[in-house]
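Data from model_15.cif: mmCIF, C-alpha atoms
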data_target
#
loop_
_atom_site.label_atom_id
_atom_site.label_comp_id
_atom_site.auth_asym_id
_atom_site.auth_seq_id
_atom_site.Cartn_x
_atom_site.Cartn_y
_atom_site.Cartn_z
CA MET A 1 -21.11 -25.06 -7.29
CA ASN A 2 -18.38 -25.62 -4.73
CA ILE A 3 -17.87 -22.43 -2.67
CA GLY A 4 -14.18 -23.20 -2.14
CA ASP A 5 -13.53 -23.55 -5.88
CA PHE A 6 -15.53 -20.40 -6.58
CA ILE A 7 -13.44 -18.35 -4.11
CA LYS A 8 -10.14 -19.86 -5.26
CA TYR A 9 -10.66 -20.11 -9.02
CA ASP A 10 -13.98 -19.02 -10.57
CA LEU A 11 -14.16 -15.59 -8.91
CA TRP A 12 -10.74 -14.62 -10.30
CA ARG A 13 -11.62 -15.80 -13.82
CA ILE A 14 -14.30 -13.14 -14.11
CA THR A 15 -12.93 -9.76 -15.19
CA THR A 16 -14.77 -6.53 -14.39
CA ASP A 17 -15.30 -5.80 -18.10
CA GLU A 18 -17.55 -8.85 -18.34
CA LEU A 19 -19.94 -7.63 -15.63
CA GLY A 20 -22.63 -4.99 -15.29
CA LYS A 21 -22.11 -2.02 -12.99
CA GLY A 22 -23.88 -3.56 -9.98
CA LYS A 23 -22.14 -6.92 -10.22
CA LYS A 24 -18.83 -5.20 -10.94
CA ILE A 25 -18.99 -3.37 -7.59
CA LEU A 26 -20.14 -6.51 -5.76
CA PHE A 27 -17.38 -8.68 -7.22
CA SER A 28 -14.76 -5.99 -6.56
CA ILE A 29 -15.81 -5.79 -2.90
CA LEU A 30 -15.74 -9.57 -2.57
CA LYS A 31 -12.28 -9.78 -4.14
CA THR A 32 -11.02 -6.99 -1.89
CA VAL A 33 -12.29 -8.71 1.25
CA ILE A 34 -10.64 -11.98 0.22
CA LEU A 35 -7.35 -10.23 -0.56
CA VAL A 36 -7.38 -8.39 2.79
CA VAL A 37 -8.01 -11.62 4.72
CA ARG A 38 -5.33 -13.41 2.71
CA GLY A 39 -2.91 -10.54 3.21
CA PHE A 40 -3.55 -10.53 6.96
CA ILE A 41 -2.49 -14.18 7.08
CA ASP A 42 0.25 -14.34 4.44
CA LYS A 43 1.91 -11.03 5.31
CA GLU A 44 1.62 -11.64 9.07
CA LEU A 45 0.07 -8.26 9.77
CA ASN A 46 -0.35 -9.14 13.44
CA ILE A 47 3.42 -9.55 13.82
CA ARG A 48 4.05 -6.34 11.86
CA ALA A 49 1.59 -4.54 14.16
CA ASN A 50 3.48 -5.78 17.21
CA ALA A 51 6.77 -4.44 15.81
CA LEU A 52 5.13 -1.13 14.94
CA THR A 53 3.64 -0.90 18.44
CA TYR A 54 7.11 -1.32 19.95
CA SER A 55 8.44 1.55 17.81
CA LEU A 56 5.43 3.73 18.61
CA MET A 57 5.93 3.25 22.34
CA PHE A 58 9.36 4.89 22.08
CA ALA A 59 8.19 7.57 19.62
CA ILE A 60 4.85 8.63 21.13
CA VAL A 61 6.34 11.27 23.46
CA PRO A 62 8.72 12.78 20.86
CA ILE A 63 5.94 12.84 18.25
CA LEU A 64 3.54 14.59 20.63
CA ALA A 65 6.32 16.99 21.59
CA MET A 66 6.90 17.96 17.97
CA VAL A 67 3.16 18.23 17.24
CA LEU A 68 2.66 20.44 20.30
CA ALA A 69 5.69 22.52 19.40
CA ILE A 70 4.21 23.16 15.93
CA ALA A 71 0.81 23.96 17.47
CA LYS A 72 2.46 26.20 20.04
CA GLY A 73 4.03 28.17 17.23
CA PHE A 74 0.50 29.01 16.08
CA GLY A 75 -0.62 29.62 19.66
CA PHE A 76 -3.05 26.69 19.64
CA ASP A 77 -1.28 24.07 21.76
CA ALA A 78 -4.23 24.05 24.21
CA ILE A 79 -6.48 22.70 21.45
CA ILE A 80 -4.22 19.68 20.96
CA GLN A 81 -4.25 18.97 24.69
CA ASP A 82 -8.05 19.25 24.72
CA LYS A 83 -8.24 16.67 21.92
CA LEU A 84 -6.09 14.27 23.94
CA ASN A 85 -8.19 14.85 27.05
CA SER A 86 -11.38 14.15 25.09
CA SER A 87 -10.18 10.69 24.02
CA PHE A 88 -11.22 7.63 25.95
CA LEU A 89 -7.65 7.27 27.26
CA ALA A 90 -8.36 10.31 29.41
CA GLU A 91 -10.37 7.96 31.64
CA THR A 92 -7.04 6.51 32.75
CA ASN A 93 -3.92 8.19 34.07
CA ILE A 94 -2.14 7.80 30.74
CA VAL A 95 -2.68 11.25 29.23
CA PRO A 96 -1.38 13.28 32.24
CA THR A 97 1.68 11.04 32.42
CA ILE A 98 2.40 11.43 28.72
CA MET A 99 1.83 15.19 28.86
CA GLU A 100 4.25 15.43 31.78
CA PHE A 101 6.95 13.81 29.65
CA VAL A 102 6.07 16.09 26.73
CA ASP A 103 6.32 19.19 28.93
CA ARG A 104 9.76 18.06 30.07
CA TYR A 105 10.85 17.66 26.46
CA LEU A 106 9.66 21.14 25.55
CA ALA A 107 10.99 22.74 28.75
CA THR A 108 14.40 21.18 28.17
CA ALA A 109 14.38 22.43 24.58
CA GLN A 110 13.56 25.96 25.67
CA GLY A 111 16.25 25.82 28.32
CA GLY A 112 18.94 25.12 25.79
CA ALA A 113 20.04 21.78 27.25
CA PHE A 114 18.08 20.07 24.57
CA ILE A 115 20.41 21.27 21.85
CA GLY A 116 22.75 18.57 20.57
CA VAL A 117 22.35 15.03 21.87
CA GLY A 118 18.80 15.54 23.12
CA LEU A 119 17.62 16.92 19.79
CA VAL A 120 19.25 14.04 17.93
CA ILE A 121 17.56 11.48 20.20
CA LEU A 122 14.15 13.09 19.62
CA LEU A 123 14.58 13.23 15.86
CA VAL A 124 15.94 9.69 15.69
CA ALA A 125 12.97 8.37 17.70
CA VAL A 126 10.47 10.07 15.37
CA TYR A 127 12.41 9.10 12.25
CA THR A 128 12.70 5.46 13.36
CA PHE A 129 8.96 5.14 13.90
CA PHE A 130 8.03 6.63 10.55
CA ARG A 131 10.66 4.52 8.81
CA GLN A 132 9.26 1.39 10.46
CA ALA A 133 5.79 2.45 9.33
CA GLU A 134 7.03 3.02 5.77
CA MET A 135 8.77 -0.37 5.72
CA ALA A 136 5.55 -2.03 6.94
CA PHE A 137 3.52 -0.25 4.26
CA ASN A 138 6.10 -1.08 1.57
CA GLY A 139 5.98 -4.72 2.66
CA ILE A 140 2.21 -4.73 2.19
CA TRP A 141 2.57 -3.08 -1.24
CA ASN A 142 5.42 -5.46 -2.22
CA VAL A 143 7.76 -2.48 -2.68
CA SER A 144 11.40 -3.37 -2.02
CA LYS A 145 12.94 0.10 -2.41
CA THR A 146 12.50 2.81 0.22
CA ARG A 147 12.71 6.57 -0.29
CA ASN A 148 16.03 8.32 0.02
CA ILE A 149 16.69 10.11 3.30
CA LEU A 150 15.79 13.55 1.94
CA ARG A 151 12.40 12.42 0.67
CA GLN A 152 11.77 10.54 3.90
CA LEU A 153 12.44 13.63 6.01
CA THR A 154 10.28 15.91 3.87
CA THR A 155 7.40 13.40 3.88
CA TYR A 156 7.55 12.79 7.63
CA ILE A 157 7.82 16.51 8.45
CA ALA A 158 4.85 17.23 6.17
CA ILE A 159 2.76 14.63 8.02
CA LEU A 160 3.76 16.03 11.43
CA PHE A 161 2.97 19.56 10.25
CA PHE A 162 -0.38 18.55 8.74
CA ILE A 163 -1.80 16.93 11.89
CA PRO A 164 -1.82 19.99 14.22
CA VAL A 165 -2.82 22.36 11.41
CA PHE A 166 -5.82 20.22 10.47
CA ILE A 167 -6.85 19.87 14.13
CA ILE A 168 -6.65 23.64 14.54
CA VAL A 169 -8.70 24.28 11.38
CA THR A 170 -11.45 21.82 12.29
CA SER A 171 -11.56 23.12 15.85
CA GLY A 172 -11.80 26.69 14.53
CA ILE A 173 -14.77 25.74 12.35
CA SER A 174 -16.47 24.12 15.35
CA VAL A 175 -15.86 27.24 17.46
CA PHE A 176 -17.33 29.42 14.71
CA PHE A 177 -20.52 27.38 14.57
CA ASN A 178 -20.76 27.40 18.36
CA SER A 179 -20.49 31.18 18.51
CA ALA A 180 -22.56 31.87 15.41
CA SER A 181 -25.53 29.84 16.59
CA THR A 182 -25.75 31.89 19.80
CA THR A 183 -24.85 35.40 18.59
CA LEU A 184 -26.52 35.64 15.20
CA PRO A 185 -30.35 35.39 15.26
CA PHE A 186 -30.64 34.43 11.58
CA LEU A 187 -28.32 31.47 12.19
CA THR A 188 -30.29 29.96 15.01
CA PHE A 189 -31.46 27.20 12.68
CA LEU A 190 -27.90 25.91 12.79
CA GLU A 191 -28.36 24.91 16.41
CA ASN A 192 -30.08 21.71 15.34
CA PHE A 193 -27.20 20.82 13.08
CA ARG A 194 -24.36 22.13 15.20
CA ALA A 195 -23.76 18.96 17.21
CA GLY A 196 -23.97 16.78 14.13
CA PHE A 197 -21.64 19.04 12.19
CA ILE A 198 -19.06 19.07 14.96
CA ARG A 199 -19.22 15.28 15.14
CA PHE A 200 -18.82 15.11 11.36
CA MET A 201 -15.78 17.39 11.50
CA GLN A 202 -14.21 15.12 14.12
CA PHE A 203 -14.71 12.16 11.81
CA ALA A 204 -13.49 14.18 8.81
CA MET A 205 -10.28 15.03 10.65
CA VAL A 206 -9.58 11.36 11.34
CA TRP A 207 -10.53 10.38 7.77
CA ALA A 208 -8.11 12.94 6.38
CA CYS A 209 -5.26 11.75 8.62
CA PHE A 210 -5.73 8.08 7.70
CA THR A 211 -6.15 8.90 4.01
CA LEU A 212 -2.95 10.95 4.12
CA MET A 213 -1.09 7.99 5.62
CA TYR A 214 -2.32 5.51 3.01
CA TRP A 215 -1.64 7.93 0.17
CA GLY A 216 1.72 9.34 1.24
CA ILE A 217 3.65 6.71 3.21
CA PRO A 218 4.05 3.82 0.71
CA ASN A 219 6.94 4.40 -1.69
CA THR A 220 4.74 3.83 -4.72
CA LYS A 221 2.02 5.65 -6.60
CA VAL A 222 -1.22 5.21 -4.68
CA ARG A 223 -4.43 6.37 -6.30
CA PHE A 224 -6.37 8.81 -4.15
CA LEU A 225 -9.54 6.69 -4.20
CA SER A 226 -7.53 3.65 -3.09
CA ALA A 227 -6.39 5.66 -0.05
CA LEU A 228 -9.71 7.42 0.59
CA ILE A 229 -11.90 4.31 0.97
CA PRO A 230 -9.77 2.62 3.68
CA GLY A 231 -9.12 6.06 5.16
CA ILE A 232 -12.86 6.51 5.76
CA LEU A 233 -13.51 2.91 6.87
CA ILE A 234 -10.54 2.56 9.22
CA GLY A 235 -10.93 6.14 10.42
CA SER A 236 -14.56 5.45 11.31
CA LEU A 237 -13.55 2.25 13.09
CA PHE A 238 -10.92 4.18 15.03
CA GLN A 239 -13.53 6.79 16.03
CA ALA A 240 -15.94 4.02 17.02
CA MET A 241 -13.25 2.61 19.29
CA GLN A 242 -12.92 6.07 20.82
CA MET A 243 -16.68 6.33 21.36
CA LEU A 244 -16.80 2.87 22.89
CA GLY A 245 -13.79 3.68 25.06
CA VAL A 246 -15.74 3.59 28.32
CA TYR A 247 -17.03 0.09 27.61
CA ILE A 248 -13.57 -1.01 26.51
CA LEU A 249 -12.07 0.31 29.73
CA VAL A 250 -14.70 -1.52 31.77
CA TRP A 251 -13.82 -4.71 29.91
CA LEU A 252 -10.14 -4.07 30.55
CA SER A 253 -10.67 -3.06 34.18
CA ARG A 254 -9.78 -6.54 35.32
CA THR A 255 -6.16 -5.69 34.48
CA SER A 256 -6.13 -3.44 37.56
CA ILE A 257 -6.59 -6.54 39.69
CA VAL A 258 -3.27 -7.88 38.45
CA TYR A 259 -1.31 -4.70 37.72
CA GLY A 260 -2.79 -2.32 40.29
CA ALA A 261 -1.50 1.23 39.74
CA PHE A 262 0.32 0.07 36.60
CA ALA A 263 -2.93 -1.00 34.90
CA SER A 264 -2.71 1.95 32.49
CA ILE A 265 0.43 0.46 30.90
CA PRO A 266 -1.20 -2.70 29.43
CA ILE A 267 -4.24 -0.59 28.48
CA LEU A 268 -2.00 1.79 26.53
CA LEU A 269 -0.17 -1.12 24.90
CA MET A 270 -3.44 -2.76 23.83
CA PHE A 271 -4.76 0.54 22.51
CA LEU A 272 -1.58 1.14 20.49
CA GLN A 273 -1.56 -2.43 19.17
CA TRP A 274 -5.20 -2.24 18.06
CA THR A 275 -4.48 1.10 16.41
CA CYS A 276 -1.41 -0.23 14.58
CA LEU A 277 -3.31 -3.34 13.49
CA MET A 278 -6.17 -1.22 12.14
CA ILE A 279 -3.71 1.01 10.29
CA LEU A 280 -2.02 -1.98 8.63
CA MET A 281 -5.37 -3.55 7.77
CA GLY A 282 -6.27 -0.28 6.05
CA ALA A 283 -2.98 -0.34 4.14
CA GLU A 284 -3.73 -3.89 3.02
CA MET A 285 -7.21 -2.76 1.95
CA SER A 286 -5.71 0.12 -0.02
CA PHE A 287 -3.36 -2.30 -1.79
CA ALA A 288 -6.22 -4.72 -2.53
CA ILE A 289 -8.47 -1.98 -3.97
CA GLN A 290 -5.79 -0.65 -6.29
CA ASN A 291 -4.45 -4.04 -7.40
CA ASN A 292 -7.74 -5.92 -7.49
CA GLU A 293 -7.48 -6.84 -11.14
CA ASP A 294 -3.86 -7.98 -10.83
CA PHE A 295 -5.02 -11.14 -9.10
CA ASN A 296 -7.35 -12.30 -11.90
CA TYR A 297 -6.49 -15.84 -13.02
CA GLU A 298 -3.93 -15.91 -10.19
CA HIS A 299 -3.89 -19.69 -9.65
CA ASP A 300 -4.17 -20.38 -13.39
CA LEU A 301 -1.08 -18.25 -14.04
CA GLU A 302 0.92 -20.35 -11.58
CA ARG A 303 0.19 -23.43 -13.73
CA MET A 304 0.57 -21.70 -17.10
CA SER A 305 2.66 -23.63 -19.61
CA ARG A 306 5.71 -22.07 -21.20
CA ARG A 307 4.26 -22.62 -24.68
CA TYR A 308 1.08 -20.71 -23.89
CA LYS A 309 3.04 -17.94 -22.18
CA ASP A 310 5.19 -17.60 -25.31
CA PHE A 311 2.04 -17.50 -27.44
CA VAL A 312 0.54 -14.65 -25.37
CA THR A 313 3.88 -12.82 -25.52
CA LEU A 314 3.95 -13.00 -29.33
CA TYR A 315 0.29 -11.99 -29.56
CA ILE A 316 0.84 -8.88 -27.42
CA LEU A 317 3.99 -8.03 -29.39
CA SER A 318 2.19 -8.44 -32.72
CA MET A 319 -0.61 -6.11 -31.56
CA ILE A 320 1.91 -3.46 -30.51
CA ILE A 321 3.76 -3.75 -33.84
CA ARG A 322 0.51 -3.53 -35.82
CA ARG A 323 -0.59 -0.38 -33.98
CA TYR A 324 2.87 1.15 -34.44
CA ASN A 325 2.88 0.43 -38.19
CA ASN A 326 -0.62 1.92 -38.52
CA GLY A 327 0.44 5.08 -36.69
CA GLU A 328 -2.01 4.49 -33.83
CA THR A 329 -1.51 5.72 -30.26
CA ALA A 330 0.65 3.43 -28.15
CA LEU A 331 -1.24 1.48 -25.49
CA THR A 332 -0.14 0.97 -21.90
CA ALA A 333 0.12 -2.51 -20.39
CA HIS A 334 -3.09 -1.93 -18.45
CA GLU A 335 -4.94 -0.83 -21.60
CA ILE A 336 -3.74 -3.93 -23.45
CA ALA A 337 -4.97 -6.14 -20.62
CA ARG A 338 -8.37 -4.45 -20.56
CA GLN A 339 -8.79 -4.42 -24.35
CA GLU A 340 -7.86 -8.09 -24.77
CA HIS A 341 -9.50 -9.30 -21.52
CA LEU A 342 -6.13 -10.55 -20.26
CA PRO A 343 -4.93 -10.68 -16.63
CA VAL A 344 -3.16 -7.42 -15.77
CA ARG A 345 -0.45 -9.25 -13.83
CA LEU A 346 0.35 -11.47 -16.82
CA VAL A 347 0.54 -8.54 -19.25
CA ASN A 348 2.78 -6.64 -16.85
CA GLN A 349 5.09 -9.64 -16.50
CA LEU A 350 5.34 -10.28 -20.23
CA THR A 351 5.75 -6.64 -21.31
CA SER A 352 8.33 -6.08 -18.55
CA ARG A 353 10.33 -8.96 -19.94
CA LEU A 354 10.08 -7.54 -23.48
CA LEU A 355 11.29 -4.20 -22.15
CA GLU A 356 14.25 -5.82 -20.39
CA ILE A 357 15.41 -7.67 -23.51
CA LYS A 358 15.08 -4.47 -25.59
CA ILE A 359 12.27 -5.71 -27.84
CA LEU A 360 9.98 -2.92 -26.60
CA ASN A 361 10.58 0.66 -25.47
CA PRO A 362 8.42 2.82 -23.19
CA THR A 363 7.10 6.07 -24.61
CA TRP A 364 5.32 9.02 -23.05
CA VAL A 365 1.69 9.34 -24.13
CA GLU A 366 -0.28 12.51 -23.46
CA ASN A 367 -2.94 12.28 -20.73
CA LYS A 368 -1.75 8.84 -19.60
CA GLU A 369 -0.08 8.11 -16.28
CA ASP A 370 1.73 4.95 -17.43
CA PRO A 371 4.06 4.80 -20.45
CA GLY A 372 2.88 3.42 -23.75
CA LEU A 373 4.69 0.55 -25.46
CA ILE A 374 6.34 0.69 -28.89
CA PRO A 375 8.88 -1.53 -30.72
CA ALA A 376 12.51 -0.88 -29.75
CA ARG A 377 13.85 -1.81 -33.20
CA GLY A 378 12.70 -1.99 -36.78
CA THR A 379 9.55 -4.06 -37.05
CA GLN A 380 10.91 -5.89 -40.14
CA THR A 381 13.74 -7.28 -38.01
CA ILE A 382 11.60 -8.71 -35.22
CA THR A 383 11.17 -12.40 -35.97
CA VAL A 384 9.74 -15.19 -33.84
CA SER A 385 13.12 -16.91 -33.59
CA MET A 386 14.82 -13.66 -32.57
CA VAL A 387 12.26 -13.03 -29.83
CA SER A 388 12.51 -16.63 -28.65
CA ASP A 389 16.32 -16.44 -28.62
CA CYS A 390 16.31 -13.15 -26.65
CA ILE A 391 13.92 -14.62 -24.09
CA ASP A 392 16.05 -17.76 -23.75
CA ARG A 393 19.22 -15.70 -23.25
CA GLN A 394 17.67 -13.37 -20.67
CA GLY A 395 19.42 -13.62 -17.31
CA THR A 396 22.81 -14.96 -16.28
CA GLU A 397 24.50 -18.12 -17.60
CA ALA A 398 27.49 -20.23 -16.62
CA PHE A 399 27.61 -18.64 -13.17
CA ILE A 400 28.52 -21.87 -11.33
CA SER A 401 32.05 -21.30 -10.03
CA ASN A 402 33.34 -24.88 -10.16
CA PRO A 403 31.36 -27.04 -12.60
CA SER A 404 32.55 -30.51 -13.47
CA ASP A 405 34.36 -31.14 -16.76
CA GLU A 406 31.49 -33.38 -17.86
CA MET A 407 28.99 -30.55 -17.27
CA LEU A 408 31.09 -28.07 -19.26
CA ALA A 409 31.39 -30.49 -22.13
CA PHE A 410 27.63 -31.12 -22.09
CA TRP A 411 27.02 -27.33 -22.19
CA GLU A 412 29.28 -26.91 -25.23
CA ARG A 413 27.60 -29.79 -27.08
CA PHE A 414 24.16 -28.42 -26.20
CA LEU A 415 24.99 -24.95 -27.58
CA ALA A 416 26.42 -26.46 -30.76
CA LEU A 417 23.30 -28.56 -31.33
CA ARG A 418 20.99 -25.71 -30.37
CA ASP A 419 22.29 -23.62 -33.26
CA LYS A 420 21.13 -26.35 -35.63
CA LYS A 421 17.46 -25.54 -35.06
CA ASN A 422 16.17 -27.93 -37.71
CA LYS A 423 17.83 -30.94 -36.11
CA VAL A 424 17.87 -30.21 -32.39
CA ASN A 425 14.37 -31.61 -31.83
CA ASP A 426 15.38 -34.98 -33.27
CA ILE A 427 18.35 -35.50 -30.96
CA LEU A 428 18.01 -37.68 -27.91
CA VAL A 429 19.02 -36.06 -24.63
CA SER A 430 21.15 -39.09 -23.87
CA GLU A 431 23.16 -38.42 -27.03
CA ILE A 432 24.19 -34.85 -26.13
#
What would you get if you wrote out this structure as structure tokens?
Amino acid sequence: MNIGDFIKYDLWRITTDELGKGKKILFSILKTVILVVRGFIDKELNIRANALTYSLMFAIVPILAMVLAIAKGFGFDAIIQDKLNSSFLAETNIVPTIMEFVDRYLATAQGGAFIGVGLVILLVAVYTFFRQAEMAFNGIWNVSKTRNILRQLTTYIAILFFIPVFIIVTSGISVFFNSASTTLPFLTFLENFRAGFIRFMQFAMVWACFTLMYWGIPNTKVRFLSALIPGILIGSLFQAMQMLGVYILVWLSRTSIVYGAFASIPILLMFLQWTCLMILMGAEMSFAIQNNEDFNYEHDLERMSRRYKDFVTLYILSMIIRRYNNGETALTAHEIARQEHLPVRLVNQLTSRLLEIKILNPTWVENKEDPGLIPARGTQTITVSMVSDCIDRQGTEAFISNPSDEMLAFWERFLALRDKKNKVNDILVSEI
């Protein structure tokens, strides 16, 4: 068996319903890895990461200022600063420099000079970064429409509010275990687990933040599991980069030879770029996990004949009509694909077309996230010729602004002959 053909064709011709549980997981992982690698190349994630890094450079101080301001409202701003100082970037002069800028932001705000233009600049910087992040995520998810401004603001504010609150909660739990293990004799057994628990809570905090991003930022419905898996994997990779920070800094120390006192600038840029790239890779992974089955028979669908596509359309429509006439519960497009072992992407394409030409209607079905599908008109009026005619007429016609007289005449003759369905197949094209 040729490995290239297996990866390109055979793997995508095997649906999960045909496999046992073990093979189903293995094949799903393999498909996800292939989709992530393909997405990294096709969607140019490296270029998207560079653009996101540029936005983050301008937004990092305003974002930290807002996070610290929220934490300061709870009286826990020192905890946030301790978290920054415990990162591997603390080995450089980056954190004190950033904190100096943040302090100036907050001091200016408290002094009243921040009101007006300064506040607008801060909010615009934060909003621009999150909007760039949402556009990058939407590009990965193939979503063309962004949220309206109100939903954007509420989502971004919720994310900014969540980060300091979660840091404070996890830090509070760590403090409790630290104090409990030393003050309560019956809890001394926790001493052996204290360090491991604190480390786990640090990872859990990062996992929650990444999961929140993958679940909340794309302007589409993301399943929680599809966000959780990359949230844990990318979050762990991010923490590993933190833990290996000393070695990374040693490897990057040669930049000081070239940049001298400014060596922290390229280090910060590389750190931000790696972070943005990891975030986008996680978003691509989230998309691949949720839409794994949509890519079944992908290359075969590109070469699918019109006749066979029409046949599948009529078959799906006949099944929906039969269930409707029998009074059975309406199926969703995904349920039809699974029941008939059809590619999800193909069923979605065909049913979407039937919905657009008013052959089918969506209907709400209890306990189902997606709408069911039912006929949009009387089933005794839905004929093969009517469906074929509606499909043929879908879209715009005669939109060319200045066609030639010969072309217009040909169009009129074609329509006249087309209405004579019994004879049109016997007419030579040269005779139209």
Q) How far is it from atom CA of Pro371 of chain A to atom CA of Asn138 of chain A, in Å with one decimal? A)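 Those two atoms sit 22.9 Å apart.
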Q.
Would you pick out the contacts of segment 147-156 of chain A at 8 Å or less, using all atoms listed in the file, so that residues sharing its chain but fewer than 2 positions from it are not included, and give the list as a list in words?
A.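 After dropping sequence-adjacent residues, the list is Tyr127, Phe130, Arg131, Lys145, Ala158, Ile159, Leu160, Gly216, Ile217 and Asn219 of chain A.
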Interface rows for segment 230-337 of chain A against segment 389-399 of chain A: nearest pair, Å to one decimal, 12 Å, all atoms listed in the file, as a Markdown table:
| residue | atom | partner | partner_atom | distance |
| --- | --- | --- | --- | --- |
| A:Arg306 | CA | A:Ile391 | CA | 11.5 |
| A:Lys309 | CA | A:Ile391 | CA | 11.5 |
| A:Asp310 | CA | A:Ile391 | CA | 9.3 |
| A:Thr313 | CA | A:Ile391 | CA | 10.3 |
| A:Leu314 | CA | A:Ile391 | CA | 11.4 |
Could you save the residues just selected, with C-alpha atoms, as a PDB file, in the coordinates of the input?
ATOM      1  CA  ARG A 306       5.710 -22.070 -21.200  1.00  0.00           C
ATOM      2  CA  LYS A 309       3.040 -17.940 -22.180  1.00  0.00           C
ATOM      3  CA  ASP A 310       5.190 -17.600 -25.310  1.00  0.00           C
ATOM      4  CA  THR A 313       3.880 -12.820 -25.520  1.00  0.00           C
ATOM      5  CA  LEU A 314       3.950 -13.000 -29.330  1.00  0.00           C
TER       6      LEU A 314
END
Q. Which residue out of A:Thr383, A:Asn348, A:Thr332, A:Ser430 has the minimum interatomic distance to Thr363 of chain A when all atoms listed in the file are used?
A.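 Smallest separation from Thr363 of chain A among the options: A:Thr332.
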Q: Record the distance separating atom CA of Val33 of chain A and atom CA of Ala288 of chain A, expressed in Å with one decimal.
A: 8.2 Å
Q: Name the closest residue to Phe162 of chain A among the candidates A:Phe27, A:Phe210, A:Tyr315, A:Phe203; distances are taken between atoms, counting only C-alpha atoms.
A: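 Of all the options, A:Phe210 lies closest to Phe162 of chain A.
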(Q) For this structure, which residues satisfy the selection - the PyMOL selection byres ((chain A and resi 276) around 10) - when it is evaluated on the file as given? I want them as a PyMOL selection string. (A) chain A and resi 45-46+48-53+56+133+270-275+277-282
Would you output that residue set with C-alpha atoms, as a PDB file, in the coordinates of the input?
ATOM      1  CA  LEU A  45       0.070  -8.260   9.770  1.00  0.00           C
ATOM      2  CA  ASN A  46      -0.350  -9.140  13.440  1.00  0.00           C
ATOM      3  CA  ARG A  48       4.050  -6.340  11.860  1.00  0.00           C
ATOM      4  CA  ALA A  49       1.590  -4.540  14.160  1.00  0.00           C
ATOM      5  CA  ASN A  50       3.480  -5.780  17.210  1.00  0.00           C
ATOM      6  CA  ALA A  51       6.770  -4.440  15.810  1.00  0.00           C
ATOM      7  CA  LEU A  52       5.130  -1.130  14.940  1.00  0.00           C
ATOM      8  CA  THR A  53       3.640  -0.900  18.440  1.00  0.00           C
ATOM      9  CA  LEU A  56       5.430   3.730  18.610  1.00  0.00           C
ATOM     10  CA  ALA A 133       5.790   2.450   9.330  1.00  0.00           C
ATOM     11  CA  MET A 270      -3.440  -2.760  23.830  1.00  0.00           C
ATOM     12  CA  PHE A 271      -4.760   0.540  22.510  1.00  0.00           C
ATOM     13  CA  LEU A 272      -1.580   1.140  20.490  1.00  0.00           C
ATOM     14  CA  GLN A 273      -1.560  -2.430  19.170  1.00  0.00           C
ATOM     15  CA  TRP A 274      -5.200  -2.240  18.060  1.00  0.00           C
ATOM     16  CA  THR A 275      -4.480   1.100  16.410  1.00  0.00           C
ATOM     17  CA  LEU A 277      -3.310  -3.340  13.490  1.00  0.00           C
ATOM     18  CA  MET A 278      -6.170  -1.220  12.140  1.00  0.00           C
ATOM     19  CA  ILE A 279      -3.710   1.010  10.290  1.00  0.00           C
ATOM     20  CA  LEU A 280      -2.020  -1.980   8.630  1.00  0.00           C
ATOM     21  CA  MET A 281      -5.370  -3.550   7.770  1.00  0.00           C
ATOM     22  CA  GLY A 282      -6.270  -0.280   6.050  1.00  0.00           C
TER      23      GLY A 282
END
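The residues returned by the PyMOL selection byres ((chain A and resi 218) around 10) on the shown structure are Ala133, Glu134, Met135, Ala136, Phe137, Asn138, Gly139, Ile140, Trp141, Asn142, Val143, Thr146, Arg147, Met213, Tyr214, Trp215, Gly216, Ile217, Asn219, Thr220, Lys221, Val222, Ala283 and Phe287 of chain A.
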Q. Which of these, A:Leu269, A:Lys31, A:Gly4, A:Thr211, has the shortest distance to Met57 of chain A once you count all atoms listed in the file?
A.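 Nearest to Met57 of chain A: A:Leu269.
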Q.
To one decimal place in Å, what is the distance between atom CA of Ile157 of chain A and atom CA of Val126 of chain A?
A. 9.8 Å
(Q) Nearest residue to Met285 of chain A out of A:Leu350, A:Val37, A:Ile265, A:Leu342, using only C-alpha atoms? (A)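 Among A:Leu350, A:Val37, A:Ile265, A:Leu342, it is A:Val37 that comes nearest to Met285 of chain A.
In terms of minimum interatomic distance to Leu30 of chain A, A:Leu11 ranks closest within A:Ala376, A:Leu68, A:Leu11, A:Met319, counting all atoms listed in the file.
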Q.
For a quick check of understanding, using all atoms listed in the file, which of A:Ser385, A:Ala240, A:Phe129, A:Gly372 has the smallest distance to Ile63 of chain A?
A. A:Phe129
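Residue neighbourhood of Leu346 of chain A, excluding near-sequence residues (fewer than 5 positions): Asp294, Phe295, Asn296, Tyr297, Glu298, Leu301, Lys309, Val312, Thr313, Ala333, Ala337, Thr351 and Ser352 of chain A, at 10 Å, using all atoms listed in the file.
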Centre, edges in Å (one decimal): axis-aligned box, segment 218-231 of chain A, 4 Å padding on all six sides, as lines of an AutoDock Vina configuration file:
center_x = -2.5
center_y = 5.7
center_z = -0.7
size_x = 26.8
size_y = 14.2
size_z = 19.8
Q: Go through the shown structure with the PyMOL selection byres ((chain A and resi 125) around 12) and write out the matching residues as an MDAnalysis selection string.
A: chainID A and resid 54:66 118:124 126:132
